[in-house]
file upload.json (JSON, C-alpha atoms)
[["chain", "number", "residue", "atom", "x", "y", "z"],
["A", 1, "MET", "CA", -0.40, 20.48, -13.83],
["A", 2, "LYS", "CA", -4.11, 20.99, -13.42],
["A", 3, "LYS", "CA", -4.19, 19.79, -9.84],
["A", 4, "SER", "CA", -3.30, 22.90, -7.95],
["A", 5, "ILE", "CA", -1.93, 23.54, -4.51],
["A", 6, "GLN", "CA", -4.75, 26.03, -3.96],
["A", 7, "GLU", "CA", -7.19, 23.22, -4.45],
["A", 8, "LEU", "CA", -5.40, 21.13, -1.83],
["A", 9, "GLU", "CA", -5.49, 24.05, 0.57],
["A", 10, "ALA", "CA", -9.22, 24.42, 0.01],
["A", 11, "ILE", "CA", -9.72, 20.73, 0.72],
["A", 12, "ARG", "CA", -7.68, 21.09, 3.91],
["A", 13, "ASN", "CA", -9.85, 23.97, 5.12],
["A", 14, "LYS", "CA", -13.02, 22.05, 4.34],
["A", 15, "THR", "CA", -11.66, 19.00, 6.15],
["A", 16, "ILE", "CA", -10.83, 21.07, 9.24],
["A", 17, "ASP", "CA", -14.45, 22.23, 9.28],
["A", 18, "HIS", "CA", -15.58, 18.62, 9.05],
["A", 19, "ILE", "CA", -13.34, 17.62, 11.94],
["A", 20, "ASN", "CA", -14.76, 20.45, 14.04],
["A", 21, "LEU", "CA", -18.27, 19.23, 13.30],
["A", 22, "ARG", "CA", -17.57, 15.79, 14.74],
["A", 23, "SER", "CA", -19.02, 15.39, 18.15],
["A", 24, "GLY", "CA", -15.94, 13.71, 19.57],
["A", 25, "LYS", "CA", -17.12, 10.13, 19.19],
["A", 26, "GLY", "CA", -14.63, 8.11, 17.21],
["A", 27, "GLY", "CA", -15.77, 6.17, 14.18],
["A", 28, "TYR", "CA", -14.99, 2.72, 12.85],
["A", 29, "ARG", "CA", -11.43, 1.81, 12.02],
["A", 30, "VAL", "CA", -10.98, -0.65, 9.17],
["A", 31, "VAL", "CA", -7.71, -2.53, 8.92],
["A", 32, "VAL", "CA", -6.73, -4.49, 5.80],
["A", 33, "GLY", "CA", -4.14, -7.27, 5.97],
["A", 34, "MET", "CA", -1.48, -6.41, 3.41],
["A", 35, "ALA", "CA", 1.43, -8.80, 3.83],
["A", 36, "THR", "CA", 2.64, -10.99, 0.95],
["A", 37, "CYS", "CA", -0.31, -13.32, 1.48],
["A", 38, "GLY", "CA", -2.95, -10.58, 1.55],
["A", 39, "ILE", "CA", -1.52, -8.73, -1.44],
["A", 40, "ALA", "CA", -1.30, -11.91, -3.52],
["A", 41, "ALA", "CA", -4.89, -12.80, -2.63],
["A", 42, "GLY", "CA", -6.19, -9.42, -3.78],
["A", 43, "ALA", "CA", -6.17, -7.17, -0.71],
["A", 44, "ARG", "CA", -5.24, -4.01, -2.56],
["A", 45, "PRO", "CA", -8.37, -3.71, -4.72],
["A", 46, "VAL", "CA", -10.43, -4.44, -1.60],
["A", 47, "MET", "CA", -8.69, -1.60, 0.20],
["A", 48, "MET", "CA", -9.14, 0.79, -2.71],
["A", 49, "ARG", "CA", -12.82, -0.12, -2.94],
["A", 50, "LEU", "CA", -13.29, 0.49, 0.78],
["A", 51, "MET", "CA", -11.74, 3.91, 0.35],
["A", 52, "GLU", "CA", -13.99, 4.77, -2.56],
["A", 53, "GLU", "CA", -17.14, 3.61, -0.80],
["A", 54, "VAL", "CA", -16.28, 5.45, 2.39],
["A", 55, "GLN", "CA", -15.80, 8.60, 0.38],
["A", 56, "LYS", "CA", -18.89, 8.09, -1.76],
["A", 57, "ASN", "CA", -20.97, 7.83, 1.40],
["A", 58, "SER", "CA", -19.17, 10.74, 3.13],
["A", 59, "LEU", "CA", -18.31, 8.65, 6.18],
["A", 60, "VAL", "CA", -15.99, 11.24, 7.69],
["A", 61, "ASP", "CA", -15.39, 9.27, 10.89],
["A", 62, "VAL", "CA", -14.13, 6.09, 9.26],
["A", 63, "THR", "CA", -10.39, 5.50, 9.00],
["A", 64, "ILE", "CA", -8.79, 2.89, 6.80],
["A", 65, "ALA", "CA", -5.37, 1.47, 7.52],
["A", 66, "GLN", "CA", -3.36, -1.56, 6.61],
["A", 67, "THR", "CA", -1.46, -4.09, 8.63],
["A", 68, "GLY", "CA", 0.87, -7.00, 8.04],
["A", 69, "CYS", "CA", 0.00, -10.67, 8.20],
["A", 70, "ILE", "CA", -3.02, -11.34, 10.37],
["A", 71, "GLY", "CA", -2.02, -15.00, 10.60],
["A", 72, "ALA", "CA", -4.58, -16.91, 8.55],
["A", 73, "CYS", "CA", -3.18, -16.58, 5.03],
["A", 74, "ARG", "CA", -5.54, -19.11, 3.48],
["A", 75, "LEU", "CA", -8.47, -16.87, 4.40],
["A", 76, "GLU", "CA", -7.03, -13.70, 2.86],
["A", 77, "PRO", "CA", -7.97, -11.03, 1.95],
["A", 78, "ILE", "CA", -8.90, -10.35, 5.56],
["A", 79, "ILE", "CA", -10.22, -7.09, 6.96],
["A", 80, "GLU", "CA", -10.87, -6.19, 10.57],
["A", 81, "VAL", "CA", -13.45, -3.62, 11.59],
["A", 82, "TYR", "CA", -12.86, -2.02, 14.98],
["A", 83, "SER", "CA", -15.81, -0.30, 16.61],
["A", 84, "PRO", "CA", -15.38, 2.89, 18.63],
["A", 85, "ASP", "CA", -15.90, 0.75, 21.75],
["A", 86, "GLY", "CA", -12.87, -1.37, 20.81],
["A", 87, "SER", "CA", -14.64, -4.56, 19.74],
["A", 88, "LYS", "CA", -13.49, -6.20, 16.54],
["A", 89, "VAL", "CA", -15.16, -8.05, 13.69],
["A", 90, "THR", "CA", -13.00, -10.07, 11.27],
["A", 91, "TYR", "CA", -14.17, -10.51, 7.70],
["A", 92, "ILE", "CA", -12.46, -13.13, 5.54],
["A", 93, "LYS", "CA", -12.03, -13.99, 1.85],
["A", 94, "MET", "CA", -13.01, -10.47, 0.91],
["A", 95, "ASP", "CA", -13.49, -9.06, -2.55],
["A", 96, "GLU", "CA", -14.70, -5.74, -3.91],
["A", 97, "GLU", "CA", -18.38, -6.74, -3.89],
["A", 98, "LYS", "CA", -18.18, -7.87, -0.28],
["A", 99, "ALA", "CA", -16.37, -4.64, 0.62],
["A", 100, "ILE", "CA", -19.29, -2.61, -0.74],
["A", 101, "LYS", "CA", -21.71, -4.61, 1.42],
["A", 102, "VAL", "CA", -19.57, -4.28, 4.55],
["A", 103, "VAL", "CA", -19.49, -0.50, 4.10],
["A", 104, "ALA", "CA", -23.24, -0.31, 3.49],
["A", 105, "ASP", "CA", -24.35, -2.67, 6.26],
["A", 106, "HIS", "CA", -21.68, -2.46, 8.93],
["A", 107, "LEU", "CA", -20.07, 0.99, 8.63],
["A", 108, "ILE", "CA", -23.27, 2.85, 7.75],
["A", 109, "ASN", "CA", -25.95, 0.87, 9.56],
["A", 110, "GLY", "CA", -23.94, -0.86, 12.27],
["A", 111, "LYS", "CA", -25.14, -4.29, 11.16],
["A", 112, "ILE", "CA", -22.48, -6.99, 11.03],
["A", 113, "VAL", "CA", -22.46, -8.96, 7.76],
["A", 114, "ASN", "CA", -22.46, -12.39, 9.38],
["A", 115, "GLU", "CA", -21.96, -14.46, 6.25],
["A", 116, "TYR", "CA", -18.51, -12.90, 5.63],
["A", 117, "THR", "CA", -17.17, -13.13, 9.17],
["A", 118, "ALA", "CA", -14.55, -15.51, 10.42],
["A", 119, "THR", "CA", -15.15, -18.13, 13.05],
["A", 120, "THR", "CA", -12.76, -17.87, 15.96],
["A", 121, "ILE", "CA", -11.95, -20.67, 18.35],
["A", 122, "ASP", "CA", -9.73, -19.84, 21.34],
["A", 123, "GLY", "CA", -8.88, -16.52, 19.77],
["A", 124, "LYS", "CA", -7.64, -18.13, 16.56],
["A", 125, "VAL", "CA", -9.28, -17.51, 13.22],
["A", 126, "VAL", "CA", -10.39, -20.79, 11.66],
["A", 127, "ASP", "CA", -12.26, -21.79, 8.51],
["A", 128, "PRO", "CA", -15.93, -20.91, 8.77],
["A", 129, "GLU", "CA", -16.80, -24.50, 7.85],
["A", 130, "MET", "CA", -15.19, -25.65, 11.13],
["A", 131, "GLN", "CA", -17.82, -24.81, 13.68],
["B", 1, "MET", "CA", 2.10, -11.71, -7.90],
["B", 2, "ARG", "CA", 0.58, -10.63, -11.17],
["B", 3, "GLU", "CA", 2.00, -7.11, -11.19],
["B", 4, "LEU", "CA", 5.36, -5.70, -10.19],
["B", 5, "SER", "CA", 3.48, -2.93, -8.39],
["B", 6, "LEU", "CA", 2.19, -5.57, -5.96],
["B", 7, "HIS", "CA", 5.77, -6.64, -5.25],
["B", 8, "ILE", "CA", 6.51, -3.00, -4.44],
["B", 9, "ASN", "CA", 3.61, -2.94, -1.95],
["B", 10, "ASP", "CA", 5.06, -6.05, -0.39],
["B", 11, "ILE", "CA", 8.68, -4.88, -0.18],
["B", 12, "VAL", "CA", 7.70, -1.49, 1.23],
["B", 13, "GLN", "CA", 5.87, -3.27, 4.03],
["B", 14, "ASN", "CA", 9.32, -4.51, 5.11],
["B", 15, "SER", "CA", 10.54, -0.90, 5.25],
["B", 16, "ILE", "CA", 7.54, 0.09, 7.36],
["B", 17, "ASP", "CA", 8.10, -2.85, 9.70],
["B", 18, "ALA", "CA", 11.75, -1.77, 9.99],
["B", 19, "ASP", "CA", 10.57, 1.57, 11.41],
["B", 20, "ALA", "CA", 11.84, 3.60, 8.46],
["B", 21, "THR", "CA", 10.89, 7.28, 8.55],
["B", 22, "ILE", "CA", 11.78, 7.92, 4.92],
["B", 23, "ILE", "CA", 10.93, 5.43, 2.22],
["B", 24, "LYS", "CA", 11.93, 6.11, -1.33],
["B", 25, "ILE", "CA", 10.60, 4.26, -4.33],
["B", 26, "PHE", "CA", 12.47, 4.70, -7.56],
["B", 27, "VAL", "CA", 11.18, 3.33, -10.87],
["B", 28, "LYS", "CA", 13.07, 3.73, -14.12],
["B", 29, "GLU", "CA", 11.70, 2.58, -17.43],
["B", 30, "ASP", "CA", 14.33, 2.90, -20.12],
["B", 31, "ILE", "CA", 12.77, 1.33, -23.16],
["B", 32, "GLU", "CA", 15.63, 2.10, -25.52],
["B", 33, "LYS", "CA", 18.12, 0.35, -23.26],
["B", 34, "ASP", "CA", 15.61, -2.44, -22.62],
["B", 35, "ASN", "CA", 15.94, -1.88, -18.91],
["B", 36, "LEU", "CA", 13.55, -1.60, -15.98],
["B", 37, "VAL", "CA", 14.82, -0.76, -12.52],
["B", 38, "ILE", "CA", 12.77, -0.74, -9.34],
["B", 39, "LYS", "CA", 14.50, 0.44, -6.19],
["B", 40, "VAL", "CA", 13.11, 0.69, -2.69],
["B", 41, "GLU", "CA", 15.32, 2.56, -0.26],
["B", 42, "ASP", "CA", 14.70, 3.25, 3.42],
["B", 43, "ASN", "CA", 16.39, 4.44, 6.58],
["B", 44, "GLY", "CA", 14.99, 1.70, 8.78],
["B", 45, "LYS", "CA", 16.81, -0.56, 11.16],
["B", 46, "GLY", "CA", 18.31, -2.57, 8.32],
["B", 47, "ILE", "CA", 19.27, -6.19, 7.85],
["B", 48, "PRO", "CA", 22.12, -7.86, 9.74],
["B", 49, "LYS", "CA", 25.00, -9.11, 7.57],
["B", 50, "GLU", "CA", 24.43, -12.78, 8.30],
["B", 51, "LYS", "CA", 20.81, -12.40, 7.20],
["B", 52, "LEU", "CA", 21.64, -10.62, 3.94],
["B", 53, "ASP", "CA", 23.19, -13.75, 2.41],
["B", 54, "VAL", "CA", 20.08, -15.82, 3.00],
["B", 55, "ILE", "CA", 17.45, -13.12, 2.73],
["B", 56, "THR", "CA", 15.76, -14.48, -0.40],
["B", 57, "ASP", "CA", 15.51, -17.95, 1.11],
["B", 58, "PRO", "CA", 11.78, -18.52, 1.65],
["B", 59, "PHE", "CA", 12.50, -20.03, 5.04],
["B", 60, "GLU", "CA", 14.18, -16.85, 6.26],
["B", 61, "THR", "CA", 11.80, -14.31, 7.72],
["B", 62, "SER", "CA", 11.56, -11.80, 10.51],
["B", 63, "ARG", "CA", 7.85, -12.35, 10.87],
["B", 64, "THR", "CA", 6.61, -14.03, 13.98],
["B", 65, "THR", "CA", 3.35, -15.50, 12.75],
["B", 66, "ARG", "CA", 5.18, -18.36, 11.04],
["B", 67, "ARG", "CA", 8.60, -19.36, 9.79],
["B", 68, "VAL", "CA", 8.12, -18.75, 6.07],
["B", 69, "GLY", "CA", 8.63, -15.44, 4.29],
["B", 70, "LEU", "CA", 8.05, -15.20, 0.59],
["B", 71, "GLY", "CA", 8.22, -11.49, -0.26],
["B", 72, "LEU", "CA", 11.81, -11.12, -1.40],
["B", 73, "SER", "CA", 11.97, -14.70, -2.74],
["B", 74, "LEU", "CA", 9.07, -13.99, -5.06],
["B", 75, "LEU", "CA", 10.58, -10.71, -6.22],
["B", 76, "GLU", "CA", 13.90, -12.37, -6.92],
["B", 77, "ALA", "CA", 12.15, -15.05, -8.95],
["B", 78, "ALA", "CA", 10.31, -12.35, -10.91],
["B", 79, "THR", "CA", 13.62, -10.67, -11.83],
["B", 80, "GLN", "CA", 15.47, -13.87, -12.72],
["B", 81, "ARG", "CA", 12.61, -14.97, -14.94],
["B", 82, "CYS", "CA", 13.50, -12.10, -17.28],
["B", 83, "GLU", "CA", 17.29, -12.00, -17.12],
["B", 84, "GLY", "CA", 17.34, -9.50, -14.29],
["B", 85, "SER", "CA", 18.57, -9.62, -10.75],
["B", 86, "LEU", "CA", 17.80, -8.63, -7.19],
["B", 87, "ILE", "CA", 20.45, -6.88, -5.11],
["B", 88, "ILE", "CA", 19.95, -6.00, -1.46],
["B", 89, "LYS", "CA", 22.34, -3.80, 0.48],
["B", 90, "SER", "CA", 22.00, -2.65, 4.03],
["B", 91, "ILE", "CA", 23.85, -0.36, 6.40],
["B", 92, "ARG", "CA", 22.09, -0.83, 9.71],
["B", 93, "ASN", "CA", 19.99, 2.13, 10.84],
["B", 94, "VAL", "CA", 21.27, 4.19, 7.92],
["B", 95, "LYS", "CA", 20.22, 2.88, 4.56],
["B", 96, "THR", "CA", 18.75, -0.30, 3.19],
["B", 97, "GLU", "CA", 18.07, -0.71, -0.48],
["B", 98, "VAL", "CA", 16.44, -3.36, -2.58],
["B", 99, "VAL", "CA", 17.21, -3.04, -6.26],
["B", 100, "ALA", "CA", 15.34, -5.16, -8.77],
["B", 101, "THR", "CA", 16.32, -5.02, -12.43],
["B", 102, "PHE", "CA", 14.48, -6.54, -15.34],
["B", 103, "ARG", "CA", 14.89, -6.80, -19.08],
["B", 104, "TYR", "CA", 12.15, -4.41, -20.09],
["B", 105, "ASN", "CA", 10.93, -6.26, -23.17],
["B", 106, "HIS", "CA", 11.38, -9.79, -21.88],
["B", 107, "ILE", "CA", 8.29, -11.84, -22.56],
["B", 108, "ASP", "CA", 8.21, -13.08, -18.97],
["B", 109, "ARG", "CA", 8.45, -9.67, -17.37],
["B", 110, "ALA", "CA", 5.31, -8.99, -15.38],
["B", 111, "PRO", "CA", 3.64, -5.65, -16.15],
["B", 112, "LEU", "CA", 4.33, -2.80, -13.77],
["B", 113, "GLY", "CA", 0.61, -2.65, -13.06],
["B", 114, "ASN", "CA", -1.32, -0.15, -11.03],
["B", 115, "MET", "CA", 1.32, 2.06, -9.42],
["B", 116, "ILE", "CA", -1.32, 4.59, -8.37],
["B", 117, "ASP", "CA", -2.97, 2.08, -6.05],
["B", 118, "THR", "CA", 0.46, 1.07, -4.80],
["B", 119, "ILE", "CA", 1.33, 4.63, -3.80],
["B", 120, "LEU", "CA", -2.08, 5.27, -2.22],
["B", 121, "SER", "CA", -2.12, 2.07, -0.21],
["B", 122, "ILE", "CA", 1.42, 2.73, 1.00],
["B", 123, "ILE", "CA", 0.45, 6.21, 2.16],
["B", 124, "LEU", "CA", -2.41, 4.67, 4.12],
["B", 125, "SER", "CA", -0.03, 2.26, 5.79],
["B", 126, "LEU", "CA", 2.71, 4.74, 6.69],
["B", 127, "LYS", "CA", 3.27, 5.28, 10.38],
["B", 128, "GLU", "CA", 2.93, 8.77, 11.73],
["B", 129, "ASN", "CA", 6.05, 10.87, 11.07],
["B", 130, "SER", "CA", 7.17, 8.70, 8.20],
["B", 131, "ASP", "CA", 7.21, 9.78, 4.61],
["B", 132, "LEU", "CA", 7.19, 8.41, 1.10],
["B", 133, "ILE", "CA", 9.15, 9.79, -1.80],
["B", 134, "TYR", "CA", 8.28, 8.47, -5.22],
["B", 135, "GLU", "CA", 10.35, 9.02, -8.33],
["B", 136, "HIS", "CA", 9.40, 7.58, -11.70],
["B", 137, "HIS", "CA", 11.49, 7.96, -14.81],
["B", 138, "TYR", "CA", 10.03, 7.07, -18.16],
["B", 139, "ASN", "CA", 12.67, 7.37, -20.86],
["B", 140, "ASN", "CA", 13.69, 11.03, -20.51],
["B", 141, "LYS", "CA", 10.74, 12.21, -18.45],
["B", 142, "MET", "CA", 10.26, 12.16, -14.72],
["B", 143, "PHE", "CA", 7.44, 12.35, -12.18],
["B", 144, "THR", "CA", 8.02, 12.83, -8.47],
["B", 145, "PHE", "CA", 5.79, 12.82, -5.46],
["B", 146, "ASP", "CA", 6.72, 13.52, -1.85],
["B", 147, "THR", "CA", 4.38, 13.19, 1.12],
["B", 148, "ARG", "CA", 6.48, 15.81, 2.97],
["B", 149, "GLU", "CA", 5.35, 18.41, 0.46],
["B", 150, "ILE", "CA", 1.71, 17.45, 0.91],
["B", 151, "LYS", "CA", 2.06, 17.55, 4.68],
["B", 152, "SER", "CA", 3.63, 21.00, 4.59],
["B", 153, "ILE", "CA", 0.57, 22.27, 2.73],
["B", 154, "ILE", "CA", -2.14, 20.56, 4.76],
["B", 155, "GLY", "CA", -0.53, 21.37, 8.09],
["B", 156, "ASN", "CA", -0.95, 19.59, 11.41],
["B", 157, "GLN", "CA", -4.70, 19.68, 11.84],
["B", 158, "VAL", "CA", -5.48, 17.39, 8.93],
["B", 159, "SER", "CA", -4.05, 13.93, 8.46],
["B", 160, "ILE", "CA", -2.80, 12.85, 5.05],
["B", 161, "ASN", "CA", -4.99, 9.73, 5.46],
["B", 162, "GLN", "CA", -8.18, 11.79, 5.27],
["B", 163, "ILE", "CA", -10.20, 10.48, 2.37],
["B", 164, "GLU", "CA", -10.57, 13.94, 0.81],
["B", 165, "ILE", "CA", -6.80, 14.46, 0.83],
["B", 166, "MET", "CA", -6.20, 10.95, -0.50],
["B", 167, "ASN", "CA", -8.55, 11.69, -3.34],
["B", 168, "TRP", "CA", -6.65, 14.81, -4.29],
["B", 169, "ILE", "CA", -3.41, 12.82, -4.19],
["B", 170, "LYS", "CA", -4.97, 10.16, -6.41],
["B", 171, "GLU", "CA", -5.93, 12.70, -9.04],
["B", 172, "TYR", "CA", -2.56, 14.39, -8.76],
["B", 173, "ILE", "CA", -0.71, 11.13, -9.39],
["B", 174, "GLU", "CA", -3.07, 10.14, -12.21],
["B", 175, "GLU", "CA", -2.31, 13.42, -13.91],
["B", 176, "GLY", "CA", 1.42, 13.02, -13.29],
["B", 177, "PHE", "CA", 1.43, 9.58, -14.86],
["B", 178, "SER", "CA", -0.56, 10.61, -17.88],
["B", 179, "ASN", "CA", 1.92, 13.42, -18.50],
["B", 180, "LEU", "CA", 4.75, 10.98, -18.06],
["B", 181, "MET", "CA", 3.48, 8.45, -20.58],
["B", 182, "GLU", "CA", 2.23, 10.78, -23.29],
["B", 183, "VAL", "CA", 4.40, 10.95, -26.37]]
call {"tool": "encode", "arguments": {"input": "upload.json", "output": "structure tokens"}}
result
Amino acid sequence: MKKSIQELEAIRNKTIDHINLRSGKGGYRVVVGMATCGIAAGARPVMMRLMEEVQKNSLVDVTIAQTGCIGACRLEPIIEVYSPDGSKVTYIKMDEEKAIKVVADHLINGKIVNEYTATTIDGKVVDPEMQ
Amino acid sequence: MRELSLHINDIVQNSIDADATIIKIFVKEDIEKDNLVIKVEDNGKGIPKEKLDVITDPFETSRTTRRVGLGLSLLEAATQRCEGSLIIKSIRNVKTEVVATFRYNHIDRAPLGNMIDTILSIILSLKENSDLIYEHHYNNKMFTFDTREIKSIIGNQVSINQIEIMNWIKEYIEEGFSNLMEV
């Protein structure tokens, strides 16, 4: 095995330093819908791409998690981006390319990518065509 | 689902929803015996007896968003397509296991697919204080991975979900798999 435990320990120590550097403000939390519907629609590569992009850009404050069915299977893969203030943006019909753009625009620059967002009516996610 | 690894993602989500603290994935590829076994075992709340008989019925589900659940039905169909079977046993709050068997060389058997992404995405979805054990047999060789071991090294201050840690895990598993498959 080339991957050594020492290496993991070094990464841990570096990560602790990173955590100490953070000023206490929480970062974005990205949640990917990964129930049967999401997985079948291609949620996993989207999630893996998000992880790669977050790492590539050293976004230490961003966490990525997954959840079950968000409730609008026909619009999967769906991801939700929670801001530190608790507000939520829902992106629908995601793919790897869109994930790259969401990381670059939303997570890095705080600019919501409007063309990928869902339309909600009475708290329910509906097709974007239905305005 | 195009890959069996995606089915595993799906089935493990059931374990997570059942509040399991230990989830074990077991994969055995025995090419000589023309046999592939995938087993997911957990210590979650389990499945009541009356539900077990109808569990692969698409109109049986514990989800609340709607009354259709396809996960286990799709996996059962994937096994039956290649002369395999799906067996589910459950002792409530003790042990629940889903065992899928396949004829390894059957033309209709879906490829195992990207198990690395399966393991990584499962780690990301684990609740705090729950762990994943992965065991993969390939003919006579074996690869294992246990999040409890990782956690004992990284300690309490760092979460296993940290991207840097996940990256190490990814490389570790990649290396494990390449050792497993080499002749």
call {"tool": "residues_near_point", "arguments": {"input": "upload.json", "point": "(7.3, 4.1, -6.2)", "cutoff": "6 Å", "atoms": "all atoms listed in the file", "output": "number ranges by chain"}}
result
B: 25-26, 134
call {"tool": "write_last_selection", "arguments": {"input": "upload.json", "atoms": "C-alpha atoms", "output": "mmCIF file, in the coordinates of the input"}}
result
data_model
loop_
_atom_site.group_PDB
_atom_site.id
_atom_site.type_symbol
_atom_site.label_atom_id
_atom_site.label_comp_id
_atom_site.auth_asym_id
_atom_site.auth_seq_id
_atom_site.Cartn_x
_atom_site.Cartn_y
_atom_site.Cartn_z
ATOM 1 C CA ILE B 25 10.600 4.260 -4.330
ATOM 2 C CA PHE B 26 12.470 4.700 -7.560
ATOM 3 C CA TYR B 134 8.280 8.470 -5.220
#
call {"tool": "interface_residues", "arguments": {"input": "upload.json", "of": "chain B", "to": "chain A", "cutoff": "7 Å", "atoms": "all atoms listed in the file", "output": "VMD selection string"}}
result
chain B and resid 1 6 10 65 70 to 71 124 to 125 153 to 154 157 to 158 163 to 165 168 172
call {"tool": "residues_around", "arguments": {"input": "upload.json", "residues": "Ala99 (chain A)", "least_positions_apart": "5", "cutoff": "8 Å", "atoms": "all atoms listed in the file", "output": "list of chain:residue names"}}
result
A:Val46, A:Arg49, A:Leu50, A:Met94
call {"tool": "atom_distance", "arguments": {"input": "upload.json", "atom1": "CA of Thr101 (chain B)", "atom2": "CA of Asp19 (chain B)"}}
result
25.4 Å
call {"tool": "residues_around", "arguments": {"input": "upload.json", "residues": "Glu83 (chain B)", "least_positions_apart": "2", "cutoff": "7 Å", "atoms": "only C-alpha atoms", "output": "list in words"}}
result
Thr79, Gln80, Arg81, Ser85, Phe102 and Arg103 of chain B
call {"tool": "residues_near_point", "arguments": {"input": "upload.json", "point": "(-2.3, 2.2, -8.6)", "cutoff": "10 Å", "atoms": "all atoms listed in the file", "output": "ChimeraX atom specification"}}
result
/A:44-45,48 /B:5-6,112-121,170,173-174
call {"tool": "residues_around", "arguments": {"input": "upload.json", "residues": "Phe143 (chain B)", "least_positions_apart": "6", "cutoff": "9 Å", "atoms": "all atoms listed in the file", "output": "number ranges by chain"}}
result
B: 134-137, 173, 176-177, 179-180
call {"tool": "residues_around", "arguments": {"input": "upload.json", "residues": "Val113 (chain A)", "least_positions_apart": "5", "cutoff": "7 Å", "atoms": "all atoms listed in the file", "output": "list of chain:residue names"}}
result
A:Val102, A:Asp105, A:His106
call {"tool": "atom_distance", "arguments": {"input": "upload.json", "atom1": "CA of Pro48 (chain B)", "atom2": "CA of Glu97 (chain B)"}}
result
13.1 Å
call {"tool": "closest_residue", "arguments": {"input": "upload.json", "among": "A:Ser83, A:Asn109, A:Thr90, A:Asn114", "to": "Asn57 (chain A)", "atoms": "all atoms listed in the file"}}
result
A:Asn109
call {"tool": "atom_distance", "arguments": {"input": "upload.json", "atom1": "CA of Lys95 (chain B)", "atom2": "CA of Ala110 (chain B)"}}
result
27.6 Å
call {"tool": "axis_aligned_box", "arguments": {"input": "upload.json", "around": "region 45-50 of chain B", "padding_each_side": "6 Å", "output": "lines of an AutoDock Vina configuration file"}}
result
center_x = 20.9
center_y = -6.7
center_z = 9.4
size_x = 20.2
size_y = 24.2
size_z = 15.6
call {"tool": "residues_around", "arguments": {"input": "upload.json", "residues": "Tyr116 (chain A)", "least_positions_apart": "5", "cutoff": "12 Å", "atoms": "only C-alpha atoms", "output": "list in words"}}
result
Leu75, Glu76, Pro77, Ile78, Ile79, Glu80, Val89, Thr90, Tyr91, Ile92, Lys93, Met94, Asp95, Glu97, Lys98, Ala99, Lys101, Val102, Asp105, His106, Asp127, Pro128 and Glu129 of chain A
